[in-house]
>>> print(open('target27.cif').read())   # mmCIF, C-alpha atoms and all ligand atoms
data_query
#
loop_
_atom_site.group_PDB
_atom_site.id
_atom_site.type_symbol
_atom_site.label_atom_id
_atom_site.label_comp_id
_atom_site.auth_asym_id
_atom_site.auth_seq_id
_atom_site.Cartn_x
_atom_site.Cartn_y
_atom_site.Cartn_z
ATOM 1 C CA MET A 882 2.599 23.005 -24.362
ATOM 2 C CA ALA A 883 4.908 20.072 -23.706
ATOM 3 C CA ARG A 884 3.187 17.056 -22.209
ATOM 4 C CA ARG A 885 4.925 15.124 -19.520
ATOM 5 C CA LYS A 886 5.864 11.562 -20.217
ATOM 6 C CA LYS A 887 3.785 8.739 -18.777
ATOM 7 C CA VAL A 888 6.105 6.017 -17.528
ATOM 8 C CA TYR A 889 3.524 3.502 -16.343
ATOM 9 C CA GLU A 890 -0.208 3.220 -15.776
ATOM 10 C CA GLY A 891 -1.597 0.713 -13.286
ATOM 11 C CA LYS A 892 -5.038 0.024 -11.884
ATOM 12 C CA ALA A 893 -5.108 2.822 -9.315
ATOM 13 C CA LYS A 894 -2.097 5.005 -10.158
ATOM 14 C CA ILE A 895 -0.157 6.581 -12.988
ATOM 15 C CA LEU A 896 3.570 7.299 -12.919
ATOM 16 C CA TYR A 897 4.993 10.239 -14.846
ATOM 17 C CA GLU A 898 8.583 11.278 -15.416
ATOM 18 C CA GLY A 899 9.719 13.480 -12.524
ATOM 19 C CA PRO A 900 11.359 16.915 -12.634
ATOM 20 C CA GLU A 901 14.823 15.508 -11.902
ATOM 21 C CA PRO A 902 16.566 12.260 -12.829
ATOM 22 C CA GLY A 903 15.760 9.557 -10.315
ATOM 23 C CA THR A 904 12.337 10.986 -9.477
ATOM 24 C CA LEU A 905 8.793 10.229 -10.631
ATOM 25 C CA VAL A 906 5.415 11.831 -10.110
ATOM 26 C CA GLN A 907 2.840 9.390 -8.739
ATOM 27 C CA TYR A 908 -0.796 10.266 -9.603
ATOM 28 C CA PHE A 909 -3.638 8.620 -7.642
ATOM 29 C CA LYS A 910 -6.746 7.744 -9.664
ATOM 30 C CA ASP A 911 -10.273 7.193 -8.367
ATOM 31 C CA ASP A 912 -10.468 3.735 -9.939
ATOM 32 C CA ALA A 913 -10.967 0.727 -7.706
ATOM 33 C CA THR A 914 -10.352 -2.841 -8.785
ATOM 34 C CA ALA A 915 -10.616 -6.148 -6.980
ATOM 35 C CA PHE A 916 -10.217 -9.847 -7.715
ATOM 36 C CA ASN A 917 -7.426 -9.244 -10.216
ATOM 37 C CA ALA A 918 -9.478 -6.501 -11.925
ATOM 38 C CA GLU A 919 -12.580 -8.695 -12.420
ATOM 39 C CA LYS A 920 -14.517 -6.136 -10.381
ATOM 40 C CA THR A 921 -14.008 -2.456 -11.171
ATOM 41 C CA GLY A 922 -15.511 0.838 -10.082
ATOM 42 C CA VAL A 923 -14.816 4.534 -9.722
ATOM 43 C CA ILE A 924 -14.966 5.916 -6.189
ATOM 44 C CA ASP A 925 -15.258 9.689 -6.235
ATOM 45 C CA GLY A 926 -12.404 11.221 -4.231
ATOM 46 C CA LYS A 927 -10.561 7.956 -3.447
ATOM 47 C CA GLY A 928 -7.389 9.091 -5.198
ATOM 48 C CA VAL A 929 -7.321 12.315 -3.194
ATOM 49 C CA LEU A 930 -7.654 10.405 0.080
ATOM 50 C CA ASN A 931 -5.080 7.752 -0.831
ATOM 51 C CA ASN A 932 -2.567 10.394 -1.934
ATOM 52 C CA ARG A 933 -2.912 12.084 1.446
ATOM 53 C CA LEU A 934 -2.986 8.850 3.470
ATOM 54 C CA SER A 935 0.023 7.371 1.688
ATOM 55 C CA GLU A 936 1.854 10.654 2.336
ATOM 56 C CA PHE A 937 0.927 10.425 6.019
ATOM 57 C CA PHE A 938 2.169 6.826 6.435
ATOM 58 C CA MET A 939 5.277 7.127 4.257
ATOM 59 C CA SER A 940 6.459 10.400 5.766
ATOM 60 C CA GLY A 941 5.921 8.908 9.244
ATOM 61 C CA LEU A 942 8.041 5.926 8.235
ATOM 62 C CA ASN A 943 10.741 8.230 6.823
ATOM 63 C CA HIS A 944 10.780 10.087 10.149
ATOM 64 C CA ILE A 945 11.433 6.942 12.185
ATOM 65 C CA GLY A 946 14.198 5.822 9.831
ATOM 66 C CA VAL A 947 12.306 3.331 7.674
ATOM 67 C CA PRO A 948 13.275 4.428 4.168
ATOM 68 C CA THR A 949 10.498 4.968 1.620
ATOM 69 C CA HIS A 950 10.223 6.383 -1.889
ATOM 70 C CA PHE A 951 8.136 9.345 -0.699
ATOM 71 C CA ILE A 952 9.709 12.793 -1.161
ATOM 72 C CA ARG A 953 6.779 15.236 -0.931
ATOM 73 C CA ARG A 954 3.182 15.733 -1.903
ATOM 74 C CA LEU A 955 2.751 18.009 -4.914
ATOM 75 C CA ASN A 956 -1.005 18.552 -5.010
ATOM 76 C CA MET A 957 -4.356 16.848 -4.340
ATOM 77 C CA ARG A 958 -3.602 13.790 -6.420
ATOM 78 C CA GLU A 959 0.152 13.749 -6.952
ATOM 79 C CA GLN A 960 3.292 13.119 -5.000
ATOM 80 C CA LEU A 961 6.971 13.261 -5.874
ATOM 81 C CA ILE A 962 8.717 9.945 -5.299
ATOM 82 C CA ARG A 963 12.117 8.363 -5.799
ATOM 83 C CA GLN A 964 12.374 6.145 -8.814
ATOM 84 C CA VAL A 965 13.114 2.576 -7.771
ATOM 85 C CA GLU A 966 13.542 -0.765 -9.425
ATOM 86 C CA ILE A 967 10.496 -2.607 -8.090
ATOM 87 C CA ILE A 968 11.126 -6.118 -6.773
ATOM 88 C CA PRO A 969 8.383 -8.202 -8.437
ATOM 89 C CA LEU A 970 6.915 -9.389 -5.145
ATOM 90 C CA GLU A 971 3.959 -8.290 -3.054
ATOM 91 C CA VAL A 972 4.982 -8.526 0.580
ATOM 92 C CA VAL A 973 1.992 -9.233 2.808
ATOM 93 C CA VAL A 974 2.145 -9.013 6.597
ATOM 94 C CA ARG A 975 -0.681 -10.522 8.613
ATOM 95 C CA ASN A 976 -1.545 -10.033 12.268
ATOM 96 C CA ILE A 977 -5.025 -11.530 12.145
ATOM 97 C CA ALA A 978 -6.324 -14.229 9.787
ATOM 98 C CA ALA A 979 -8.480 -12.846 6.952
ATOM 99 C CA GLY A 980 -8.963 -12.958 3.200
ATOM 100 C CA SER A 981 -6.954 -15.448 1.202
ATOM 101 C CA MET A 982 -5.195 -16.892 4.259
ATOM 102 C CA SER A 983 -8.507 -17.732 5.922
ATOM 103 C CA GLU A 984 -9.732 -19.371 2.724
ATOM 104 C CA ARG A 985 -6.527 -21.242 1.991
ATOM 105 C CA LEU A 986 -6.007 -22.618 5.481
ATOM 106 C CA GLY A 987 -9.576 -22.730 6.785
ATOM 107 C CA ILE A 988 -8.855 -20.341 9.644
ATOM 108 C CA GLU A 989 -11.830 -18.250 10.671
ATOM 109 C CA GLU A 990 -11.531 -14.544 9.753
ATOM 110 C CA GLY A 991 -10.636 -12.553 12.848
ATOM 111 C CA THR A 992 -8.467 -15.232 14.484
ATOM 112 C CA PRO A 993 -5.387 -13.518 15.940
ATOM 113 C CA LEU A 994 -2.137 -15.060 14.701
ATOM 114 C CA PRO A 995 0.512 -16.118 17.227
ATOM 115 C CA ARG A 996 3.047 -13.837 15.505
ATOM 116 C CA PRO A 997 3.068 -11.646 12.414
ATOM 117 C CA ILE A 998 3.236 -13.830 9.315
ATOM 118 C CA ILE A 999 4.985 -12.577 6.185
ATOM 119 C CA GLU A 1000 4.069 -13.918 2.761
ATOM 120 C CA PHE A 1001 5.447 -13.237 -0.716
ATOM 121 C CA TYR A 1002 3.293 -13.166 -3.837
ATOM 122 C CA PHE A 1003 4.836 -13.068 -7.307
ATOM 123 C CA LYS A 1004 3.543 -9.969 -9.110
ATOM 124 C CA ASP A 1005 2.039 -11.364 -12.276
ATOM 125 C CA ASP A 1006 -1.524 -10.446 -13.238
ATOM 126 C CA ALA A 1007 -1.792 -13.234 -15.798
ATOM 127 C CA LEU A 1008 -1.028 -15.781 -13.067
ATOM 128 C CA GLY A 1009 -3.198 -14.000 -10.461
ATOM 129 C CA ASP A 1010 -0.224 -13.075 -8.219
ATOM 130 C CA PRO A 1011 0.538 -16.567 -6.851
ATOM 131 C CA LEU A 1012 1.852 -17.165 -3.327
ATOM 132 C CA VAL A 1013 5.521 -18.171 -3.517
ATOM 133 C CA THR A 1014 8.148 -19.287 -1.028
ATOM 134 C CA GLU A 1015 11.622 -17.897 -0.428
ATOM 135 C CA GLU A 1016 12.924 -20.897 -2.375
ATOM 136 C CA HIS A 1017 11.065 -19.726 -5.482
ATOM 137 C CA VAL A 1018 12.235 -16.149 -4.987
ATOM 138 C CA ILE A 1019 15.893 -17.166 -4.865
ATOM 139 C CA ALA A 1020 15.725 -19.915 -7.503
ATOM 140 C CA PHE A 1021 14.063 -17.636 -10.054
ATOM 141 C CA GLY A 1022 16.295 -14.678 -9.230
ATOM 142 C CA TRP A 1023 13.546 -12.241 -8.193
ATOM 143 C CA ALA A 1024 15.657 -11.304 -5.146
ATOM 144 C CA GLN A 1025 18.754 -12.516 -3.298
ATOM 145 C CA GLN A 1026 18.829 -13.987 0.206
ATOM 146 C CA GLN A 1027 20.156 -10.676 1.598
ATOM 147 C CA ASP A 1028 17.255 -8.833 -0.079
ATOM 148 C CA LEU A 1029 14.787 -11.253 1.500
ATOM 149 C CA ASP A 1030 16.284 -10.678 4.945
ATOM 150 C CA ASP A 1031 16.091 -6.902 4.394
ATOM 151 C CA MET A 1032 12.519 -7.160 3.094
ATOM 152 C CA VAL A 1033 11.396 -9.104 6.163
ATOM 153 C CA ALA A 1034 13.048 -6.554 8.465
ATOM 154 C CA LEU A 1035 11.444 -3.648 6.575
ATOM 155 C CA ALA A 1036 8.019 -5.319 6.538
ATOM 156 C CA LEU A 1037 8.108 -5.947 10.291
ATOM 157 C CA ARG A 1038 9.086 -2.335 11.006
ATOM 158 C CA VAL A 1039 6.271 -1.084 8.790
ATOM 159 C CA ASN A 1040 3.920 -3.455 10.627
ATOM 160 C CA ASP A 1041 4.932 -2.139 14.052
ATOM 161 C CA PHE A 1042 4.610 1.482 12.941
ATOM 162 C CA MET A 1043 1.283 1.020 11.169
ATOM 163 C CA SER A 1044 -0.180 -1.109 13.977
ATOM 164 C CA GLY A 1045 0.694 1.587 16.524
ATOM 165 C CA VAL A 1046 -0.608 4.473 14.418
ATOM 166 C CA MET A 1047 -3.879 2.633 13.830
ATOM 167 C CA LEU A 1048 -4.307 1.460 17.418
ATOM 168 C CA ALA A 1049 -4.015 5.092 18.536
ATOM 169 C CA VAL A 1050 -7.159 5.909 16.532
ATOM 170 C CA GLY A 1051 -9.126 2.802 17.466
ATOM 171 C CA ILE A 1052 -8.367 0.754 14.363
ATOM 172 C CA ARG A 1053 -6.911 -2.752 14.191
ATOM 173 C CA LEU A 1054 -4.355 -3.398 11.456
ATOM 174 C CA VAL A 1055 -5.373 -6.879 10.308
ATOM 175 C CA ASP A 1056 -2.986 -7.213 7.364
ATOM 176 C CA PHE A 1057 -1.397 -5.165 4.609
ATOM 177 C CA LYS A 1058 0.624 -5.386 1.428
ATOM 178 C CA ILE A 1059 3.728 -3.398 0.569
ATOM 179 C CA GLU A 1060 6.003 -3.286 -2.405
ATOM 180 C CA ILE A 1061 9.710 -2.762 -2.096
ATOM 181 C CA GLY A 1062 12.183 -1.251 -4.541
ATOM 182 C CA ARG A 1063 15.926 -1.042 -5.019
ATOM 183 C CA ILE A 1064 17.780 2.222 -5.223
ATOM 184 C CA TRP A 1065 21.458 2.766 -5.839
ATOM 185 C CA ASP A 1066 23.551 5.106 -3.696
ATOM 186 C CA ASN A 1067 26.771 5.142 -5.722
ATOM 187 C CA ASP A 1068 27.824 1.487 -5.774
ATOM 188 C CA PHE A 1069 25.592 0.435 -2.900
ATOM 189 C CA GLN A 1070 22.132 -0.962 -3.254
ATOM 190 C CA ARG A 1071 19.428 -0.240 -0.673
ATOM 191 C CA LEU A 1072 15.867 -1.453 -0.386
ATOM 192 C CA ILE A 1073 13.102 1.041 0.368
ATOM 193 C CA VAL A 1074 9.334 0.917 0.732
ATOM 194 C CA ALA A 1075 7.650 1.944 -2.542
ATOM 195 C CA ASP A 1076 4.223 2.022 -4.244
ATOM 196 C CA GLU A 1077 1.597 3.161 -1.708
ATOM 197 C CA ILE A 1078 0.315 2.463 1.782
ATOM 198 C CA SER A 1079 -3.402 3.167 1.944
ATOM 199 C CA PRO A 1080 -6.717 1.491 2.815
ATOM 200 C CA ASP A 1081 -6.540 -0.016 -0.701
ATOM 201 C CA SER A 1082 -3.711 -2.258 0.471
ATOM 202 C CA CYS A 1083 -4.529 -2.779 4.168
ATOM 203 C CA ARG A 1084 -7.284 -4.446 6.147
ATOM 204 C CA LEU A 1085 -8.457 -2.033 8.812
ATOM 205 C CA TRP A 1086 -11.163 -2.931 11.332
ATOM 206 C CA ASP A 1087 -12.714 -0.546 13.814
ATOM 207 C CA ILE A 1088 -11.767 -1.969 17.212
ATOM 208 C CA GLU A 1089 -15.100 -1.214 18.883
ATOM 209 C CA SER A 1090 -17.608 -2.113 16.190
ATOM 210 C CA GLY A 1091 -15.570 -4.382 13.896
ATOM 211 C CA ARG A 1092 -16.643 -2.159 10.967
ATOM 212 C CA LYS A 1093 -14.408 -2.616 7.947
ATOM 213 C CA LEU A 1094 -12.633 0.585 6.860
ATOM 214 C CA ASP A 1095 -10.704 -0.739 3.857
ATOM 215 C CA LYS A 1096 -11.095 -2.067 0.321
ATOM 216 C CA ASP A 1097 -13.127 -5.061 1.540
ATOM 217 C CA VAL A 1098 -16.040 -2.559 1.645
ATOM 218 C CA PHE A 1099 -15.743 -2.503 -2.158
ATOM 219 C CA ARG A 1100 -14.751 -6.166 -2.643
ATOM 220 C CA ARG A 1101 -17.688 -7.415 -0.558
ATOM 221 C CA ASP A 1102 -20.266 -4.651 -1.262
ATOM 222 C CA LEU A 1103 -20.433 -3.523 2.362
ATOM 223 C CA GLY A 1104 -21.282 0.150 1.790
ATOM 224 C CA ASP A 1105 -19.628 3.338 0.615
ATOM 225 C CA LEU A 1106 -15.875 2.979 0.210
ATOM 226 C CA GLY A 1107 -15.373 6.754 0.120
ATOM 227 C CA ASP A 1108 -17.044 7.072 3.535
ATOM 228 C CA ALA A 1109 -14.817 4.339 4.977
ATOM 229 C CA TYR A 1110 -11.593 5.939 3.702
ATOM 230 C CA ALA A 1111 -12.721 9.406 4.805
ATOM 231 C CA GLU A 1112 -13.317 7.975 8.297
ATOM 232 C CA VAL A 1113 -9.738 6.642 8.434
ATOM 233 C CA ALA A 1114 -8.396 9.984 7.211
ATOM 234 C CA ARG A 1115 -10.523 11.945 9.669
ATOM 235 C CA ARG A 1116 -9.383 9.849 12.644
ATOM 236 C CA LEU A 1117 -5.745 10.291 11.652
ATOM 237 C CA GLY A 1118 -6.243 14.056 11.474
ATOM 238 C CA VAL A 1119 -5.626 14.139 7.756
ATOM 239 C CA LEU A 1120 -9.098 15.590 7.097
ATOM 240 C CA PRO A 1121 -11.087 17.988 9.272
ATOM 241 C CA SER A 1122 -13.678 16.165 11.416
ATOM 242 C CA ASN A 1123 -16.703 17.800 9.789
ATOM 243 C CA VAL A 1124 -15.961 16.430 6.327
ATOM 244 C CA THR A 1125 -18.360 13.801 5.107
ATOM 245 C CA HIS A 1126 -17.936 11.941 1.862
ATOM 246 C CA ALA A 1127 -20.945 13.794 0.428
ATOM 247 C CA ALA A 1128 -19.137 17.073 1.061
ATOM 248 C CA LYS A 1129 -16.139 15.709 -0.898
ATOM 249 C CA PRO A 1130 -12.662 15.301 0.564
ATOM 250 C CA HIS A 1131 -11.112 18.608 1.538
ATOM 251 C CA LEU A 1132 -7.411 18.826 2.230
ATOM 252 C CA ILE A 1133 -5.678 20.430 5.157
ATOM 253 C CA ASN A 1134 -2.374 21.896 4.064
HETATM 254 N N1 LIG B 1201 -3.488 -6.941 -1.096
HETATM 255 C C1 LIG B 1201 -3.225 -5.893 -1.969
HETATM 256 N N2 LIG B 1201 -3.099 -6.151 -3.304
HETATM 257 C C2 LIG B 1201 -3.219 -7.406 -3.823
HETATM 258 C C3 LIG B 1201 -3.490 -8.462 -2.936
HETATM 259 C C4 LIG B 1201 -3.624 -8.198 -1.584
HETATM 260 O O1 LIG B 1201 -3.092 -4.751 -1.549
HETATM 261 O O2 LIG B 1201 -3.070 -7.572 -5.040
HETATM 262 C C5 LIG B 1201 -3.630 -6.663 0.344
HETATM 263 C C6 LIG B 1201 -5.074 -6.797 0.802
HETATM 264 O O3 LIG B 1201 -5.732 -5.543 0.761
HETATM 265 C C7 LIG B 1201 -4.899 -7.280 2.216
HETATM 266 C C8 LIG B 1201 -3.591 -8.064 2.200
HETATM 267 O O4 LIG B 1201 -2.881 -7.624 1.053
HETATM 268 O O5 LIG B 1201 -4.756 -6.175 3.104
HETATM 269 C C9 LIG B 1201 -3.788 -9.557 2.149
HETATM 270 O O6 LIG B 1201 -4.636 -9.875 1.074
HETATM 271 P P1 LIG B 1201 -5.146 -11.372 0.830
HETATM 272 O O7 LIG B 1201 -3.984 -12.237 0.485
HETATM 273 O O8 LIG B 1201 -5.981 -11.808 1.987
HETATM 274 O O9 LIG B 1201 -5.947 -11.308 -0.514
HETATM 275 P P2 LIG B 1201 -7.428 -10.862 -0.855
HETATM 276 O O10 LIG B 1201 -8.334 -11.354 0.195
HETATM 277 O O11 LIG B 1201 -7.323 -9.370 -0.922
HETATM 278 O O12 LIG B 1201 -7.624 -11.496 -2.183
#
>>> encode(input="target27.cif", output="structure tokens", more="lines below")
Ligand code: UDP
Amino acid sequence: MARRKKVYEGKAKILYEGPEPGTLVQYFKDDATAFNAEKTGVIDGKGVLNNRLSEFFMSGLNHIGVPTHFIRRLNMREQLIRQVEIIPLEVVVRNIAAGSMSERLGIEEGTPLPRPIIEFYFKDDALGDPLVTEEHVIAFGWAQQQDLDDMVALALRVNDFMSGVMLAVGIRLVDFKIEIGRIWDNDFQRLIVADEISPDSCRLWDIESGRKLDKDVFRRDLGDLGDAYAEVARRLGVLPSNVTHAAKPHLIN
């Protein structure tokens, strides 16, 4: 039997050649990594939850006119996506100080920011994804000024959408990371949201209890990551309410 071609394998996902030109199949693994892969683990069912959660967020964004790479979910662990040329930047949006910003600037975790702050990190594992400015981005040719303006606009729209969706289920969106890719429509280039949007790349705090429902549970050894992600999925209606992590994620079609 012919094997499909692997295009790329990252820490949490694999990309395979898609059924048509310009498409890829994105497979979600159960692997978790943190601190630039210094800490690793396998979280049973995480890939299934992130596939479904990323579908939920990306298809919601598509519906409100924020373009993403998501086409459709194929099965428990795979989704069909548009092939993009990834811009080598991680775009982080922060609403509340946490993580590296709190450390770098000495701002206590949980301090609300006066406005959403957008940061760019250069995607380079060997360098540990350093924080860069727009000056670096332009000078080194990673993106043009127009791309940067479009990326900021996209990131802020994603922030508004995600903040609202989370607030509706009692969760505060503290910060998140997105990746953005270029696609070509004939001679015109467009930027769209790519990669994934899931609790692996967001900070999500329960509004009432402050409980962390994101990858910090793994980074900081705060409990069972699968339980935290299943809780997010359950609140969003992506999983039936009686599913516990022990019972394994169970998809609603
Ligand atoms: N983030 C991510 N991938 C990375 C780095 C950060 O998804 O390689 C996300 C992280 O989950 C958080 C936000 O981006 O929601 C901001 O992360 P931060 O800069 O505080 O870094 P961290 O504390 O994760 O090292």
>>> resolve_selection(input="target27.cif", expression="the PyMOL selection byres (((chain A and resi 1003) around 10) and not hetatm)", output="list in words")
Ile968, Pro969, Leu970, Glu971, Val972, Phe1001, Tyr1002, Lys1004, Asp1005, Asp1006, Leu1008, Gly1009, Asp1010, Pro1011, Leu1012, Val1013, Thr1014, His1017, Val1018 and Trp1023 of chain A
>>> axis_aligned_box(input="target27.cif", around="ligand LIG 1201 (chain B)", padding_each_side="3 Å", output="JSON")
{"center_x": -5.6, "center_y": -8.5, "center_z": -1.0, "size_x": 11.5, "size_y": 13.5, "size_z": 14.1}
>>> residues_near_ligand(input="target27.cif", ligand="ligand LIG 1201 (chain B)", cutoff="7 Å", atoms="all atoms listed in the file", output="NGL selection string")
:A and (916-917 or 973 or 979-982 or 1010 or 1056-1058 or 1081-1084 or 1096)
>>> residues_near_point(input="target27.cif", point="(0.5, 0.3, 9.2)", cutoff="10 Å", atoms="all atoms listed in the file", output="VMD selection string")
chain A and resid 938 to 939 942 974 1036 to 1048 1053 to 1059 1078 to 1080 1083 to 1085
>>> closest_residue(input="target27.cif", among="A:Val929, A:Ile999, A:Ala1024, A:Leu934", to="Ala978 (chain A)", atoms="all atoms listed in the file")
A:Ile999
>>> atom_distance(input="target27.cif", atom1="CA of Ile924 (chain A)", atom2="CA of Ile952 (chain A)")
26.1 Å
>>> atom_distance(input="target27.cif", atom1="CA of Asp1076 (chain A)", atom2="CA of Ile1061 (chain A)")
7.6 Å
>>> atom_distance(input="target27.cif", atom1="CA of Gly1062 (chain A)", atom2="CA of Glu966 (chain A)")
5.1 Å
>>> residues_around(input="target27.cif", residues="Gly928 (chain A)", least_positions_apart="5", cutoff="6 Å", atoms="all atoms listed in the file", output="number ranges by chain")
A: 909-911
>>> write_last_selection(input="target27.cif", atoms="C-alpha atoms", output="mmCIF file, keeping the file's coordinate frame")
data_model
loop_
_atom_site.group_PDB
_atom_site.id
_atom_site.type_symbol
_atom_site.label_atom_id
_atom_site.label_comp_id
_atom_site.auth_asym_id
_atom_site.auth_seq_id
_atom_site.Cartn_x
_atom_site.Cartn_y
_atom_site.Cartn_z
ATOM 1 C CA PHE A 909 -3.638 8.620 -7.642
ATOM 2 C CA LYS A 910 -6.746 7.744 -9.664
ATOM 3 C CA ASP A 911 -10.273 7.193 -8.367
#
>>> resolve_selection(input="target27.cif", expression="the PyMOL selection byres (((chain A and resi 891) around 12) and not hetatm)", output="number ranges by chain")
A: 887-890, 892-897, 907-914, 917-918, 1006, 1076
>>> residues_around(input="target27.cif", residues="Pro900 (chain A)", least_positions_apart="6", cutoff="10 Å", atoms="only C-alpha atoms", output="list in words")
Arg885, Val906 and Leu961 of chain A
>>> residues_around(input="target27.cif", residues="Arg1101 (chain A)", least_positions_apart="2", cutoff="12 Å", atoms="all atoms listed in the file", output="PyMOL selection string")
chain A and resi 914-916+920+980+1093+1095-1099+1103-1106
>>> closest_residue(input="target27.cif", among="A:Ser983, A:Thr921, A:Asn956, A:Thr904", to="Arg1100 (chain A)", atoms="only C-alpha atoms")
A:Thr921
